[in-house]
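Pasting work.cif here (mmCIF, C-alpha atoms):
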data_start
#
loop_
_atom_site.label_atom_id
_atom_site.label_comp_id
_atom_site.auth_asym_id
_atom_site.auth_seq_id
_atom_site.Cartn_x
_atom_site.Cartn_y
_atom_site.Cartn_z
CA MET A 153 25.35 -10.04 9.10
CA GLY A 154 26.77 -11.32 12.37
CA ILE A 155 27.25 -7.73 13.52
CA ILE A 156 23.48 -7.31 13.65
CA LEU A 157 23.03 -10.28 16.01
CA ILE A 158 25.97 -9.30 18.19
CA SER A 159 24.72 -5.71 18.38
CA GLY A 160 21.26 -6.89 19.46
CA LEU A 161 22.77 -9.15 22.10
CA ILE A 162 25.03 -6.40 23.48
CA ILE A 163 22.22 -3.86 23.59
CA GLY A 164 19.93 -6.32 25.37
CA ILE A 165 22.57 -7.24 27.96
CA LEU A 166 23.47 -3.59 28.48
CA ILE A 167 19.83 -2.71 29.18
CA GLU A 168 19.31 -5.72 31.45
CA ARG A 169 22.56 -5.52 33.44
CA VAL A 170 23.27 -1.78 33.54
CA ILE A 171 20.30 0.45 32.74
CA TYR A 172 17.57 -1.48 34.58
CA PRO A 173 19.57 -1.91 37.84
CA TYR A 174 20.41 1.80 37.78
CA LEU A 175 16.79 2.80 37.25
CA ASN A 176 15.59 0.27 39.82
CA LYS A 177 18.01 1.63 42.42
CA GLY A 178 16.71 5.14 41.84
CA ALA A 179 13.11 3.94 41.99
CA LYS A 180 13.69 2.26 45.36
CA THR A 181 15.44 5.34 46.73
CA LYS A 182 12.49 7.53 45.76
CA ARG A 183 10.04 4.79 46.75
CA LEU A 184 8.63 4.55 43.23
CA THR A 185 7.21 1.08 43.72
CA ASN A 186 5.20 1.05 40.51
CA LEU A 187 8.32 1.73 38.45
CA SER A 188 10.19 -0.98 40.35
CA ILE A 189 7.46 -3.50 39.53
CA VAL A 190 7.59 -2.63 35.82
CA LEU A 191 11.40 -2.85 35.75
CA LYS A 192 11.34 -6.20 37.53
CA SER A 193 8.76 -7.54 35.07
CA LEU A 194 10.92 -6.41 32.16
CA GLN A 195 13.90 -8.46 33.33
CA GLY A 196 14.64 -11.10 30.71
CA GLU A 197 12.02 -9.85 28.26
CA THR A 198 14.09 -6.94 26.95
CA LEU A 199 16.85 -9.29 25.82
CA ILE A 200 14.26 -11.36 23.96
CA TRP A 201 12.88 -8.26 22.26
CA THR A 202 16.27 -6.96 21.13
CA MET A 203 17.19 -10.39 19.74
CA VAL A 204 13.86 -10.66 17.91
CA VAL A 205 14.44 -7.26 16.31
CA SER A 206 18.02 -8.23 15.41
CA ILE A 207 16.99 -11.53 13.80
CA TYR A 208 14.13 -9.80 11.95
CA SER A 209 16.55 -7.19 10.60
CA LEU A 210 19.01 -9.91 9.62
CA VAL A 211 16.36 -11.86 7.71
CA PHE A 212 15.18 -8.69 6.02
CA PHE A 213 18.64 -7.80 4.72
CA ILE A 214 19.58 -11.29 3.51
CA PRO A 215 19.69 -11.22 -0.33
CA ASN A 216 16.82 -12.94 -2.12
CA HIS A 217 19.13 -15.45 -3.78
CA LEU A 218 20.17 -16.79 -0.36
CA ILE A 219 16.70 -17.24 1.14
CA THR A 220 13.27 -17.87 -0.36
CA ASP A 221 10.24 -15.75 0.42
CA TYR A 222 8.59 -18.81 1.96
CA ILE A 223 11.42 -19.37 4.47
CA ARG A 224 11.55 -15.65 5.19
CA SER A 225 7.81 -15.68 5.92
CA ILE A 226 8.11 -18.69 8.26
CA ILE A 227 10.93 -17.04 10.24
CA ASN A 228 8.97 -13.79 10.52
CA ASP A 229 5.91 -15.66 11.79
CA ILE A 230 7.99 -17.48 14.42
CA LEU A 231 9.54 -14.20 15.56
CA LEU A 232 6.09 -12.64 15.77
CA VAL A 233 4.79 -15.48 17.96
CA ILE A 234 7.84 -15.20 20.25
CA LEU A 235 7.35 -11.44 20.55
CA VAL A 236 3.62 -11.75 21.28
CA LEU A 237 4.19 -14.40 23.95
CA SER A 238 7.00 -12.38 25.53
CA ILE A 239 4.87 -9.23 25.73
CA SER A 240 1.98 -11.27 27.10
CA TRP A 241 4.26 -12.78 29.75
CA PHE A 242 5.50 -9.32 30.74
CA MET A 243 1.95 -7.95 31.02
CA GLY A 244 0.76 -10.95 33.03
CA ASN A 245 3.77 -10.87 35.36
CA ALA A 246 3.42 -7.12 35.94
CA THR A 247 -0.31 -7.50 36.64
CA ILE A 248 0.32 -10.26 39.19
CA GLN A 249 2.91 -8.16 41.02
CA PHE A 250 0.67 -5.07 41.05
CA ILE A 251 -2.24 -7.08 42.50
CA GLU A 252 -0.02 -8.67 45.16
CA TYR A 253 1.47 -5.30 46.11
CA TYR A 254 -1.82 -3.45 46.42
CA THR A 255 -3.35 -6.40 48.29
CA ARG A 256 -0.54 -6.23 50.86
CA LYS A 257 -1.02 -2.47 51.14
CA GLY A 258 -4.70 -2.98 51.87
CA VAL A 259 -5.81 -1.07 48.79
CA LEU A 260 -7.32 -4.26 47.41
CA PRO A 261 -9.13 -6.70 49.72
CA LYS A 262 -7.71 -10.16 50.26
CA THR A 263 -10.44 -12.21 48.59
CA SER A 264 -10.61 -15.36 46.50
CA ILE A 265 -11.41 -13.38 43.37
CA PHE A 266 -7.86 -12.08 43.21
CA ASP A 267 -6.42 -15.52 43.95
CA ASN A 268 -8.46 -16.87 41.04
CA LEU A 269 -7.33 -13.97 38.85
CA LEU A 270 -3.69 -14.62 39.62
CA ALA A 271 -4.11 -18.29 38.76
CA ALA A 272 -5.93 -17.45 35.54
CA LEU A 273 -3.31 -15.01 34.28
CA GLY A 274 -1.12 -17.90 33.20
CA VAL A 275 -3.86 -19.19 30.92
CA GLY A 276 -4.92 -15.65 30.09
CA GLY A 277 -1.49 -14.95 28.70
CA LEU A 278 -2.39 -17.05 25.69
CA ALA A 279 -5.59 -15.05 25.21
CA ILE A 280 -3.62 -11.83 25.48
CA ALA A 281 -1.15 -13.14 22.91
CA LEU A 282 -3.93 -13.96 20.50
CA ALA A 283 -5.52 -10.58 21.09
CA LEU A 284 -2.26 -8.75 20.42
CA GLN A 285 -1.32 -10.73 17.33
CA PRO A 286 -3.29 -8.60 14.80
CA THR A 287 -1.89 -5.41 16.32
CA LEU A 288 1.70 -6.65 16.23
CA ALA A 289 1.20 -8.05 12.72
CA ASN A 290 0.12 -4.58 11.56
CA LEU A 291 3.07 -3.00 13.36
CA PHE A 292 5.62 -5.38 11.78
CA SER A 293 4.02 -4.98 8.36
CA GLY A 294 4.16 -1.20 8.66
CA ILE A 295 7.85 -1.37 9.52
CA THR A 296 8.44 -3.72 6.58
CA ILE A 297 6.60 -1.45 4.14
CA LEU A 298 8.51 1.66 5.19
CA SER A 299 11.93 0.04 5.49
CA ALA A 300 11.56 -1.62 2.09
CA ARG A 301 10.60 1.77 0.62
CA GLN A 302 7.66 0.18 -1.17
CA ILE A 303 5.55 3.25 -0.49
CA SER A 304 6.08 6.56 1.30
CA PRO A 305 3.76 9.41 2.27
CA GLY A 306 3.03 11.49 -0.82
CA ASP A 307 3.29 8.60 -3.30
CA TYR A 308 0.41 7.94 -5.68
CA VAL A 309 -0.51 4.26 -5.52
CA SER A 310 -3.10 1.89 -6.95
CA LEU A 311 -4.08 -1.28 -5.10
CA ALA A 312 -5.16 -4.63 -6.51
CA GLY A 313 -8.62 -4.05 -5.02
CA GLY A 314 -9.12 -0.95 -7.17
CA GLU A 315 -8.41 1.69 -4.52
CA GLU A 316 -6.00 4.43 -5.53
CA GLY A 317 -4.80 7.79 -4.31
CA TYR A 318 -2.02 9.56 -2.43
CA VAL A 319 -0.46 7.85 0.57
CA ASN A 320 -1.36 10.11 3.50
CA ASP A 321 0.31 8.27 6.38
CA VAL A 322 1.67 4.90 7.52
CA ASN A 323 1.21 4.45 11.26
CA TRP A 324 1.63 1.51 13.64
CA ARG A 325 -1.74 0.03 12.68
CA ASN A 326 -2.86 1.08 9.20
CA THR A 327 -2.09 3.05 6.08
CA THR A 328 -4.35 5.88 4.93
CA ILE A 329 -4.73 6.75 1.26
CA ARG A 330 -6.40 9.97 0.09
CA SER A 331 -8.26 9.47 -3.18
CA LEU A 332 -8.61 12.16 -5.84
CA ASP A 333 -12.16 12.89 -4.68
CA ASN A 334 -10.68 13.68 -1.23
CA THR A 335 -11.94 10.61 0.63
CA MET A 336 -9.76 8.53 2.92
CA VAL A 337 -9.16 4.82 2.35
CA ILE A 338 -7.93 3.07 5.51
CA ILE A 339 -6.09 -0.23 5.03
CA PRO A 340 -4.53 -2.41 7.77
CA ASN A 341 -0.79 -2.70 7.23
CA SER A 342 -0.91 -6.50 7.28
CA VAL A 343 -3.44 -6.43 4.43
CA LEU A 344 -1.50 -3.85 2.43
CA ASP A 345 1.69 -5.87 2.80
CA SER A 346 0.06 -8.81 0.99
CA LEU A 347 -1.54 -6.81 -1.84
CA ILE A 348 -0.16 -6.06 -5.27
CA VAL A 349 0.57 -2.32 -5.20
CA THR A 350 1.38 -0.14 -8.21
CA ASN A 351 3.38 2.89 -7.11
CA TYR A 352 3.18 5.59 -9.76
CA SER A 353 5.78 7.67 -7.92
CA LEU A 354 8.57 5.11 -8.34
CA PRO A 355 11.20 5.13 -9.60
CA ILE A 356 10.33 8.73 -10.63
CA THR A 357 7.09 10.69 -10.68
CA GLU A 358 7.20 11.34 -14.45
CA MET A 359 5.33 8.77 -16.50
CA ASN A 360 4.08 8.11 -20.03
CA LEU A 361 0.44 8.72 -20.87
CA ARG A 362 -0.94 6.47 -23.62
CA ILE A 363 -4.21 7.43 -25.29
CA PRO A 364 -5.95 5.13 -27.82
CA VAL A 365 -7.27 6.73 -31.03
CA GLY A 366 -8.90 5.35 -34.19
CA VAL A 367 -9.24 6.86 -37.69
CA SER A 368 -11.17 5.74 -40.75
CA TYR A 369 -9.66 3.43 -43.34
CA ASP A 370 -9.78 6.26 -45.89
CA SER A 371 -7.35 8.36 -43.86
CA ASP A 372 -3.83 9.24 -44.96
CA LEU A 373 -1.93 7.59 -42.12
CA LEU A 374 1.18 9.69 -42.66
CA LYS A 375 -0.91 12.83 -42.28
CA VAL A 376 -2.65 11.34 -39.25
CA GLU A 377 0.71 10.75 -37.60
CA GLU A 378 1.96 14.29 -38.35
CA VAL A 379 -1.22 15.98 -37.09
CA THR A 380 -1.44 13.87 -33.93
CA ILE A 381 2.19 14.49 -32.97
CA ALA A 382 1.78 18.22 -33.61
CA VAL A 383 -1.24 18.37 -31.29
CA ALA A 384 0.58 16.28 -28.66
CA LYS A 385 3.56 18.65 -28.73
CA GLU A 386 1.25 21.61 -28.36
CA VAL A 387 -0.39 20.04 -25.32
CA MET A 388 2.97 19.14 -23.78
CA GLN A 389 4.17 22.73 -24.04
CA GLN A 390 1.00 24.59 -23.08
CA ILE A 391 -0.80 22.49 -20.49
CA PRO A 392 0.43 22.35 -16.85
CA GLY A 393 1.56 18.83 -16.07
CA GLY A 394 2.96 18.10 -19.52
CA VAL A 395 6.69 17.57 -20.07
CA PRO A 396 7.65 20.21 -22.70
CA ASN A 397 10.89 18.62 -23.87
CA PHE A 398 9.35 15.17 -24.41
CA GLU A 399 8.96 14.02 -28.01
CA PRO A 400 5.47 12.47 -28.27
CA PHE A 401 4.95 9.63 -30.74
CA ILE A 402 2.25 7.32 -32.05
CA ARG A 403 2.25 3.63 -32.91
CA PHE A 404 -0.42 2.03 -35.10
CA THR A 405 -1.64 -1.07 -33.33
CA GLU A 406 -4.35 -2.84 -35.36
CA PHE A 407 -6.89 -2.90 -38.16
CA GLY A 408 -10.07 -2.64 -36.13
CA ASP A 409 -13.63 -3.45 -37.20
CA SER A 410 -14.26 0.13 -38.24
CA SER A 411 -10.96 1.95 -37.88
CA VAL A 412 -7.20 1.86 -38.01
CA ASN A 413 -6.24 2.11 -34.36
CA PHE A 414 -3.14 3.62 -32.84
CA MET A 415 -1.74 4.67 -29.49
CA ALA A 416 -0.58 8.23 -28.88
CA THR A 417 2.11 8.52 -26.21
CA LEU A 418 2.60 11.72 -24.22
CA ARG A 419 4.47 12.33 -20.96
CA ILE A 420 3.23 13.88 -17.73
CA ARG A 421 4.97 15.08 -14.57
CA SER A 422 2.88 12.99 -12.17
CA PHE A 423 -0.15 10.71 -12.05
CA ALA A 424 -2.33 13.60 -10.89
CA ASP A 425 -1.80 15.32 -14.27
CA ILE A 426 -3.43 12.52 -16.27
CA ARG A 427 -6.96 13.91 -16.33
CA LEU A 428 -6.16 17.44 -17.48
CA VAL A 429 -3.55 16.47 -20.08
CA ARG A 430 -5.73 13.69 -21.52
CA HIS A 431 -8.76 16.01 -21.57
CA GLU A 432 -6.92 18.73 -23.48
CA PHE A 433 -5.33 16.30 -25.91
CA ILE A 434 -8.62 14.63 -26.85
CA LYS A 435 -10.39 17.98 -27.19
CA ARG A 436 -7.68 19.57 -29.34
CA LEU A 437 -7.12 16.46 -31.45
CA HIS A 438 -10.83 16.24 -32.25
CA THR A 439 -10.85 19.90 -33.34
CA ARG A 440 -7.73 19.46 -35.44
CA PHE A 441 -9.01 16.26 -37.09
CA ASN A 442 -12.20 18.07 -38.10
CA ARG A 443 -10.16 20.90 -39.59
CA GLU A 444 -7.95 18.45 -41.51
CA SER A 445 -10.96 16.33 -42.64
CA ILE A 446 -9.69 13.27 -40.80
CA ASP A 447 -12.61 11.09 -39.83
CA ILE A 448 -13.00 9.30 -36.51
CA PRO A 449 -15.45 6.47 -37.30
CA PHE A 450 -18.30 5.48 -35.05
CA PRO A 451 -20.88 2.68 -35.45
CA ILE A 452 -24.50 3.23 -36.47
CA ARG A 453 -27.20 0.55 -36.70
CA THR A 454 -29.86 0.36 -39.37
CA VAL A 455 -32.94 -1.74 -38.47
CA TYR A 456 -35.53 -2.83 -41.10
CA LEU A 457 -39.03 -3.48 -39.74
CA LYS A 458 -42.05 -5.17 -41.33
CA PRO A 459 -44.91 -2.62 -41.79
CA ASP A 460 -48.20 -3.40 -40.00
CA ASN A 461 -51.14 -4.88 -42.00
CA SER A 462 -48.94 -5.49 -44.97
CA ASP A 463 -49.28 -8.52 -47.22
CA LYS A 464 -45.82 -8.00 -48.47
CA GLU A 465 -43.23 -9.75 -46.39
CA ILE A 466 -40.29 -7.52 -45.57
CA PRO A 467 -37.48 -9.26 -43.72
CA VAL A 468 -36.63 -7.82 -40.35
CA THR A 469 -32.86 -7.50 -40.39
CA ALA A 470 -30.22 -5.48 -38.70
CA LYS A 471 -26.72 -4.62 -39.70
CA ASP A 472 -23.93 -2.37 -38.55
CA GLU A 473 -22.62 0.39 -40.75
CA TYR A 474 -19.73 2.69 -39.94
CA ILE A 475 -19.36 6.23 -41.10
#

Output the file's structure in the form of structure tokens.
Amino acid sequence: MGIILISGLIIGILIERVIYPYLNKGAKTKRLTNLSIVLKSLQGETLIWTMVVSIYSLVFFIPNHLITDYIRSIINDILLVILVLSISWFMGNATIQFIEYYTRKGVLPKTSIFDNLLAALGVGGLAIALALQPTLANLFSGITILSARQISPGDYVSLAGGEEGYVNDVNWRNTTIRSLDNTMVIIPNSVLDSLIVTNYSLPITEMNLRIPVGVSYDSDLLKVEEVTIAVAKEVMQQIPGGVPNFEPFIRFTEFGDSSVNFMATLRIRSFADIRLVRHEFIKRLHTRFNRESIDIPFPIRTVYLKPDNSDKEIPVTAKDEYI
């Protein structure tokens, strides 16, 4: 773990003491004043940035049994604030030097407005920091999501808010998800990082498909099991997206109000195959049940009404019957 911190420190010092002076010398030789101003403004900030990245990486790789998620979150927030303030300081410092330089050159007039601007940049740094915080939060969250391998482009995911689809891209600001109807869902990385995400592509793309079915109480359950498994095998072998070598099975789950219910389990290659495989299984199972005289019950309602202008009182009742 200490190697990460030492590496960050060495890289920062190397950039500050070797690379920047070399670039600055070349910029002065070629009279690249703008580059010199930027390099001067970066002095001291680069070391802060490399150390922030090093500490962030260290915290990320610490095992969960050594640090709680709460402490990890606090450290990350502190690092984010330090980074935002450092970037704000760099931007403010560079702006001040640019204004002073172009004022001396006569490009900008020497007026009180620029004096007031220079004085305000110190206070404005805080405003800049606050303005940059959402952007940097999204950037850090995007890095966290990708480095943790929670999701990757091409994965099929479902979010707690109900959105689902293929991950199209994870950029510095947001994550785009392409739904099955070919629309794009755009989610800020900081929001995605706090959501419960179901990734149907992990650990592998293959997954079980469970389909609920009910048969009448008069059915021979042994025959029901044999017929259902036979249809499931047929679908697995003939329909694209099914896993041919998978042995489908059923499990009876309950005595329902009108049926004996069970769950048929098939296997598909990816989440995108659900619709077609489920469609074919239901269609073929219905046809096969009809052929084998296996009833799938459904409710009907019989309502008794009192005839008009009748002296005879006929109760108005309703009851459910199942056939």

request  = Could you tell me how far atom CA of Asp370 of chain A lies from atom CA of Thr417 of chain A, in Å and to one decimal?
outcome  =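 Pair atom CA of Asp370 of chain A / atom CA of Thr417 of chain A returns 23.1 Å.
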
note = Here atom CA of Pro396 of chain A and atom CA of Ile303 of chain A stand apart by 28.0 Å

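Coordinates place atom CA of Ile446 of chain A at a distance of 7.5 Å from atom CA of Val376 of chain A.
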
ask   = Which polymer residues have any atom within 10 Å of an atom of Thr335 of chain A, counting all atoms listed in the file, with same-chain residues fewer than 6 positions away left out, as a PyMOL selection string?
value = chain A and resi 317+328-329

Neighbour list for segment 337-340 of chain A as an MDAnalysis selection string, cut-off 10 Å, all atoms listed in the file, skip fewer than 4 positions in-chain = chainID A and resid 286:287 289:291 293:294 315:331 344:345

inquiry  = Report as a list in words all protein, DNA and RNA residues lying within 12 Å of Ile381 of chain A, evaluated on only C-alpha atoms, omitting residues in the same chain fewer than 4 positions from it.
reply    =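 Selected residues are Leu374, Lys375, Val376, Glu377, Lys385, Glu386, Val387, Met388, Phe398, Glu399, Pro400, Phe401, Ile402, Arg403, Met415, Ala416, Thr417, Leu418, Phe433, Arg436, Leu437 and Arg440 of chain A.
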
task = Please identify all polymer residues within 6 Å of segment 204-208 of chain A, counting all atoms listed in the file, omitting same-chain residues fewer than 6 positions from it, and present them as a list in words.
result = Ile156, Leu157 and Gly160 of chain A

key: Nearest to Ser371 of chain A by atom-to-atom distance, counting all atoms listed in the file, from A:Val383, A:Met336, A:Asn413, A:Ser353   = A:Asn413

query = Once the PyMOL selection byres ((chain A and resi 426) around 12) has been applied to the shown file, what residues remain in the selection, as a PyMOL selection string?
reply = chain A and resi 332+352+358-363+388+391-395+418-425+427-434

request  = Identify which of the residues A:Ile295, A:Ile171, A:Val211, A:Leu194 lies closest to Asn228 of chain A, counting all atoms listed in the file when measuring atom-to-atom distances.
outcome  = A:Val211

task = List the residues sitting within 12 Å of (-8.4, -0.9, -34.0) in the file's frame, using only C-alpha atoms, as a ChimeraX atom specification.
result = /A:364-369,403-415,448-450

request  = Decode the PyMOL selection byres ((chain A and resi 163) around 12) for the given file into explicit residues and return them as an MDAnalysis selection string.
outcome  = chainID A and resid 155:162 164:171 198:203 205:206

message = Could you check the closest approach to Tyr308 of chain A for each of A:Lys257, A:Met243, A:Leu373, A:Thr357 and tell me which residue wins, using only C-alpha atoms?
response = A:Thr357

ask   = Counting all atoms listed in the file, which of A:His438, A:Tyr254, A:Thr220, A:Phe292 gets nearest to Val236 of chain A?
value = A:Phe292
